[in-house]
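Asks: Please find one structure pasted underneath; my questions will follow.
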Amino acid sequence: MRDAVLIEEMTWPEVRDAIAGGKRRVIVMLGAMEQHGPHLPIGVDTYLGYATGARLARRLGDALVAPVVSLGYSRGHLPMAGTVSIEEPVLEAVIADVCRSLARHGFKEIILLCSHGGNYRALQHALPGVRRELAGVRVSAIADFDEWLEHTKQFAAREGLDMARLGVHAAQGETSMMLAHRPDLVQMDKACEGFLGDASIRWRSKVPPPMDEMSPTGILGDARNASAALGEKIFADRIERIARMIEAGELAG
Ligand SMILES: [Zn+2]
């Protein structure tokens, strides 16, 4: 059989047989469709959701990747053209329905991960109900943005990078990951410095301030000095950390 991990590229008998053959885990990535500066496409968080899901599935060896949830909570980015946002209660309902669907097919563990910071709160809200309803399936999740933030700060310190420039949105970090995954969609000649100050109000508040008021370019950090090599390093570091937490059962709540 083909060595596919993305469910949407497989036929239903292939998915059925893969589960029966030992693919006991399924990864659900929560992406977004929102502006990512003048140099990256609207779909970054969804493209990186596919990349992260596929790499994690191959690292684990016993996992498939569910269709990436491509719309997320991006209200703060709506002033910028192309952004499409769904409200948090809608996202919570989508998360629950995706888990209900996957639980029917025989997976033993559903792993929920965000590739967009705005989705964490909806995931937090959805989790208790999903875990109650699907008691026979382990539901693992990283539902805390601080986990990503702290891990990324440690990575920056180890690599001698400036966290303010590595950034939290459309900056050196995400641009590097896109250069590793989809270089055809990156316009490095338009990459520039964005907002370098404290952006934490964006993830500390339920309704973040309009992005264009904080950063007219839409970048939080500095998108210059991105490279595919750095992107590969970020992927490798992140995937290994998440895989170990999954294998240790630390994400099961
Ligand atoms: Zn992003």
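Going by the structure tokens order, chains are called A, B, ..., each with residues numbered from 1, while ligands are numbered from 1 in the order shown.
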Please check which protein, DNA or RNA residues sit within 7 Å of ligand 1, counting only C-alpha atoms and all ligand atoms, and write them as an MDAnalysis selection string.
Replies: chainID A and resid 36 44:45 115:116 169:170 174
Asks: Skip stretch 200-207 of chain A itself and residues of its chain fewer than 4 positions away, then list as a CSV table (one decimal) with C-alpha atoms, in the first residue's frame all residues within 9 Å of it, counting only C-alpha atoms.
Replies:
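The resulting file, selection14.csv, is shown below:
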```csv
chain,number,residue,atom,x,y,z
A,75,ARG,CA,-11.0,38.2,13.9
A,76,GLY,CA,-8.1,40.6,14.7
A,117,GLY,CA,-2.5,31.0,17.9
A,118,GLY,CA,-6.1,32.3,17.8
A,121,ARG,CA,-9.2,29.3,23.4
A,145,PHE,CA,-0.5,29.0,23.7
A,211,MET,CA,-3.8,44.0,13.5
```
Asks: Measuring between only C-alpha atoms, which one of A:Leu230, A:Leu60, A:Ala122, A:Ala199 shows the shortest distance to A:Gly22?
Replies: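 When distances to A:Gly22 are compared using only C-alpha atoms, the smallest one comes from A:Leu60.
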Asks: Neighbouring residues of A:Ala180 were defined as those with any atom within 12 Å, considering only C-alpha atoms; residues of the same chain fewer than 6 positions away were excluded. Please report them as JSON, numbers by chain.
Replies: {"A": [47, 48, 51, 52, 173, 174, 186, 226, 227, 228, 229, 230, 231, 232, 233, 234, 235, 236]}
Asks: Of the candidates A:Ile7, A:Asp146, A:His39, A:Pro208, which shows the shortest atom-to-atom distance to A:Ala191, using only C-alpha atoms?
Replies: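 Closest to A:Ala191 of all the choices is A:His39.
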Asks: So which one's closest to A:Asp17, A:His105, A:Lys190, A:Arg55, A:Arg100? Using only C-alpha atoms, please.
Replies: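 Residue with the minimum atom-to-atom distance to A:Asp17: A:His105.
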Asks: Counting only C-alpha atoms, which residues of stretch 82-178 of chain A fall within 12 Å of stretch 61-67 of chain A, and what is the closest atom pair for each with its distance in Å at one decimal, ordered by chain and rising number, as a tab-separated table?
Replies:
```
residue	atom	partner	partner_atom	distance
A:Ile95	CA	A:Ala66	CA	11.6
A:Val98	CA	A:Ala66	CA	8.6
A:Cys99	CA	A:Ala66	CA	9.8
A:Ser101	CA	A:Ala66	CA	10.3
A:Leu102	CA	A:Ala66	CA	8.1
A:Ala103	CA	A:Ala66	CA	11.6
A:His105	CA	A:Ala66	CA	11.7
A:Phe107	CA	A:Ala63	CA	9.1
A:Lys108	CA	A:Ala63	CA	10.2
A:Glu109	CA	A:Ala63	CA	9.0
A:Ile110	CA	A:Ala63	CA	9.4
A:Ile111	CA	A:Val65	CA	9.4
A:Leu112	CA	A:Ala66	CA	10.0
A:Leu113	CA	A:Val65	CA	11.2
```
Asks: I need the residues of stretch 30-140 of chain A that end up classed as helix (DSSP H, G or I) by DSSP on the backbone, written out as an MDAnalysis selection string.
Replies: chainID A and resid 44:60 75:77 88:103 117:133
Asks: Please produce a file of the residues just selected, as a compact mmCIF listing (two decimals), in the first residue's frame, where the atoms kept are C-alpha atoms.
Replies:
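File written: again_2.txt
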```
# COMPACT_ATOMS: atom_id res chain seq x y z
CA VAL A 44 0.21 29.88 5.91
CA ASP A 45 -1.28 28.38 9.08
CA THR A 46 -3.11 25.76 7.03
CA TYR A 47 -0.08 24.90 4.85
CA LEU A 48 2.03 24.61 8.02
CA GLY A 49 -0.74 22.50 9.53
CA TYR A 50 -0.31 19.98 6.71
CA ALA A 51 3.47 20.08 7.03
CA THR A 52 3.45 19.68 10.81
CA GLY A 53 0.78 16.98 10.76
CA ALA A 54 2.54 14.93 8.08
CA ARG A 55 5.97 15.19 9.69
CA LEU A 56 4.55 14.30 13.11
CA ALA A 57 2.63 11.34 11.68
CA ARG A 58 5.79 9.97 10.06
CA ARG A 59 7.80 10.50 13.26
CA LEU A 60 5.17 8.67 15.33
CA ARG A 75 -11.03 38.24 13.94
CA GLY A 76 -8.11 40.57 14.73
CA HIS A 77 -6.75 40.13 11.20
CA GLU A 88 -15.06 30.79 18.47
CA PRO A 89 -18.37 28.95 19.15
CA VAL A 90 -18.39 27.85 15.49
CA LEU A 91 -14.84 26.58 15.76
CA GLU A 92 -15.71 24.73 18.98
CA ALA A 93 -18.59 23.02 17.20
CA VAL A 94 -16.34 22.12 14.25
CA ILE A 95 -13.74 20.61 16.61
CA ALA A 96 -16.41 18.50 18.30
CA ASP A 97 -17.86 17.26 14.99
CA VAL A 98 -14.42 16.43 13.56
CA CYS A 99 -13.63 14.37 16.69
CA ARG A 100 -17.04 12.64 16.59
CA SER A 101 -16.44 11.69 12.96
CA LEU A 102 -12.93 10.34 13.54
CA ALA A 103 -13.95 8.41 16.66
CA GLY A 117 -2.49 31.02 17.92
CA GLY A 118 -6.06 32.33 17.75
CA ASN A 119 -7.48 28.80 17.95
CA TYR A 120 -6.24 27.88 21.43
CA ARG A 121 -9.18 29.29 23.39
CA ALA A 122 -11.80 27.50 21.27
CA LEU A 123 -9.84 24.27 21.69
CA GLN A 124 -9.73 24.77 25.47
CA HIS A 125 -13.49 25.30 25.52
CA ALA A 126 -14.25 22.32 23.30
CA LEU A 127 -12.02 19.78 25.04
CA PRO A 128 -13.96 18.90 28.22
CA GLY A 129 -17.14 18.12 26.28
CA VAL A 130 -15.29 16.12 23.62
CA ARG A 131 -13.46 14.08 26.26
CA ARG A 132 -16.71 13.39 28.13
CA GLU A 133 -18.60 12.36 25.01
```
Asks: May I ask which of the residues A:Gly31, A:Pro41, A:Pro13, A:Gly221 is the closest one to A:Val168, counting only C-alpha atoms?
Replies: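 Once distances to A:Val168 are computed over only C-alpha atoms, the minimum belongs to A:Gly221.
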Asks: Counting only C-alpha atoms, figure out which residue out of A:Tyr73, A:Asn225, A:Asp184, A:Glu8 gets nearest to A:Leu161.
Replies: A:Asn225
Asks: Could you check the closest approach to A:Asp212 for each of A:Ser176, A:Gln154, A:Gln35, A:Ser85 and tell me which residue wins, using only C-alpha atoms?
Replies: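 So, comparing all the options, the nearest one is A:Gln35.
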Asks: Record the distance separating atom CA of A:Gln172 and atom CA of A:Met188, expressed in Å with one decimal.
Replies: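 Spanning atom CA of A:Gln172 to atom CA of A:Met188 is a straight-line distance of 10.8 Å.
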Asks: What separation in Å, quoted to one decimal, exists between atom CA of A:Arg224 and atom CA of A:Glu193?
Replies: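 Atom-to-atom, atom CA of A:Arg224 and atom CA of A:Glu193 are spaced 6.8 Å apart.
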Asks: What's the separation between atom CA of A:Ala252 and atom CA of A:Arg238, in Å to one decimal place?
Replies: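 It comes out at 18.3 Å.
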